[in-house]
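Trainee: What follows is a single structure, and I will ask about it in a moment.
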Amino acid sequence: MSSATSAAEAYADFLSVRRVILDSISSVAVMYFAYGFYVLLFGTCIRIMHNRQSEDDRPNYSLYLSLTIILFVLSTLFVAGYTIDQGTRSVIYFTAIKTGDYDRLDKYLSNDLGKTLVFTIHQLITVFMNLTADTMLIHRCYVIWGSRKRVGLPLAVASTALNALGLTGCIINAIGTSNTTLEWKWALYLVARRISFVYGIVNVIVNSMITLLTAGRIWWIHRQVRARGVHSSDKLINSISRIILESGIIYPIFVIGATIAVNVPPSERFRFDFYPLAALSAGIAPTLILVRAKLGKNVETFQPMVSDLHFTSRTTRGGESTSRHQAYSLQPFSTVPSEIEEGVVAGK
């Protein structure tokens, strides 16, 4: 009896009503709201891309259609996995509170194969989402800079290193969380946490730089157009830059929010998990830009006026190309690792 009482006291803060019920429900509700918006946006994007494609855009149309579909499929798998994880965790937490039996909870937090498998697959999905989004991002930036290797190559190297770091973190985390009762695996888990933090920070920096490079390049091309006597609309270019900057900031904001949320004390955390929003924003942001770009008619007006500068998705004779399509990467952040850590510490 004293053992059960001791366990109840140890888990008192960890198994609060807010965490077990309110946080879980609010996190899932917010995630499905964002996913519902994403479903509508994705359907609109596919229809518009199909109806408004041109012969010049056909090669890149196939590429971006494929990448957009892959991102949506991965996002759907993410939503399904997160729902299963939240449901399983809530049932285990609630059962421990109701029955007073904390053995199952102890095993779940420290040595549960199912939990480790689900969470590892979940993290791997985010890495593949990151890889898919980076492919779109680097290709678009490479094209808009006139297919210059000095621009595309460093980005490709940075993306490869970044995703390799994320994959390494997933593997280390899988080994560490498989049995946190062992000291060496607990140490690996802490290393994985640090890798995840670094991964997220670098990801924000890289994506912010790419967004600024894209907007800056469009502004520079606009100056070249005006220098050649073609009077384009300043309002149009400002709108293009605004689309890129505003959409580009969506992902970093949620990544920063997820980073802050996972590193603050439990009592000061938000009522919902930022992790799903950060994950889904990686798919929503580029899809939103695709829709807004395809709906805009002003860009096409440059084509008959300037023979060697096309504000489309292909490289032109003058070696200049622009794009309003962007993609945003994802990092494997979640409040799940911190909950594991708190639960293990509470159970010790």
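Just so we're on the same page: first chain in the structure tokens is A, next is B, and so on; residues restart at 1 for each chain, and ligands are numbered from 1 in the order they show up.
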Give me the residues near Ile69 of chain A as a VMD selection string, where near means some atom within 9 Å (using only C-alpha atoms) and where sequence neighbours in that chain fewer than 4 positions away do not count.

Mentor: chain A and resid 42 46 64 to 65 73 to 74

Trainee: Take the residues from that selection and put them in a file with C-alpha atoms, as a short mmCIF file (atom, residue, chain, number, x, y, z; two decimals), in the first residue's frame.

Mentor:
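Saved as again-v4.cif:
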```cif
data_model
loop_
_atom_site.label_atom_id
_atom_site.label_comp_id
_atom_site.auth_asym_id
_atom_site.auth_seq_id
_atom_site.Cartn_x
_atom_site.Cartn_y
_atom_site.Cartn_z
CA PHE A 42 -4.60 20.37 -50.95
CA ILE A 46 -4.50 19.85 -57.15
CA TYR A 64 5.82 19.67 -57.85
CA LEU A 65 2.62 17.71 -58.17
CA VAL A 73 0.45 11.58 -47.72
CA LEU A 74 3.22 11.93 -45.14
#
```

Trainee: Skip Leu162 of chain A itself and residues of its chain fewer than 4 positions away, then list as a PyMOL selection string all residues within 8 Å of it, counting only C-alpha atoms.

Mentor: chain A and resi 158+166+199+202-203

Trainee: Go ahead and write the selection's residues with C-alpha atoms as a PDB file, in the first residue's frame.

Mentor:
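Once written, again.pdb looks like this:
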```pdb
ATOM      1  CA  ALA A 158      23.333  21.768 -45.999  1.00  0.00           C
ATOM      2  CA  GLY A 166      17.783  14.286 -38.050  1.00  0.00           C
ATOM      3  CA  TYR A 199      18.357  20.234 -35.597  1.00  0.00           C
ATOM      4  CA  VAL A 202      19.515  25.059 -37.696  1.00  0.00           C
ATOM      5  CA  ASN A 203      16.377  24.213 -39.635  1.00  0.00           C
TER       6      ASN A 203
END
```

Trainee: Give me, please, the distance in Å between atom CA of Ile253 of chain A and atom CA of Ala278 of chain A, quoted to one decimal.

Mentor: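 For atom CA of Ile253 of chain A relative to atom CA of Ala278 of chain A, the distance reads 8.2 Å.
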
Trainee: Would you write out, as a Markdown table, a table of all residues in segment 95-186 of chain A that have an atom no more than 9 Å from an atom of segment 85-89 of chain A, listing for each the closest atom pair and the distance in Å to one decimal, considering only C-alpha atoms and ordering rows by chain and rising residue number?

Mentor:
```
| residue | atom | partner | partner_atom | distance |
| --- | --- | --- | --- | --- |
| A:Tyr108 | CA | A:Arg89 | CA | 8.5 |
| A:Lys115 | CA | A:Asp85 | CA | 7.7 |
| A:Val118 | CA | A:Asp85 | CA | 7.2 |
| A:Phe119 | CA | A:Asp85 | CA | 7.7 |
```

Trainee: A:Cys141, A:Ala187, A:Val79, A:Ile249: which is nearest Ser27 of chain A, counting only C-alpha atoms?

Mentor: A:Val79

Trainee: Hey, can you check how far atom CA of Ile175 of chain A sits from atom CA of Tyr189 of chain A?

Mentor: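 Value for the atom CA of Ile175 of chain A-atom CA of Tyr189 of chain A distance: 7.6 Å.
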
Trainee: So the first atom is atom CA of Gly114 of chain A and the second is atom CA of Pro276 of chain A; what is the distance between them in Å, to one decimal place?

Mentor: 20.6 Å

Trainee: Do you know which residues are at most 12 Å from segment 126-129 of chain A counting only C-alpha atoms, after dropping those on the same chain fewer than 2 positions away, and could you put them as a ChimeraX atom specification?

Mentor: /A:67-79,81-82,119-124,131-136,159-160,162-171,196,199-200,203,275-276,278-284,327-334

Trainee: For Trp186 of chain A, work out the shell of residues within 8 Å, counting only C-alpha atoms and skipping chain neighbours fewer than 5 positions away, then give it as a ChimeraX atom specification.

Mentor: /A:176-177,179-181

Trainee: Filtering to C-alpha atoms, could you give me those residues as a short mmCIF file (atom, residue, chain, number, x, y, z; two decimals), in the first residue's frame?

Mentor:
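The new file out28.cif reads:
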```cif
data_model
loop_
_atom_site.label_atom_id
_atom_site.label_comp_id
_atom_site.auth_asym_id
_atom_site.auth_seq_id
_atom_site.Cartn_x
_atom_site.Cartn_y
_atom_site.Cartn_z
CA GLY A 176 17.75 5.37 -25.86
CA THR A 177 13.99 5.24 -25.27
CA ASN A 179 14.80 1.05 -22.06
CA THR A 180 15.50 4.19 -20.05
CA THR A 181 16.11 2.16 -16.88
#
```

Trainee: Given only C-alpha atoms as the basis, pick out the residue of A:Arg226, A:Arg217, A:Lys107, A:His50 nearest to Ser178 of chain A.

Mentor: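 Checking each candidate against Ser178 of chain A, we get A:Lys107 as the closest.
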
Trainee: Counting only C-alpha atoms, which of A:Gly152, A:Tyr61, A:Ala161, A:Trp220 gets nearest to Ile48 of chain A?

Mentor: A:Tyr61
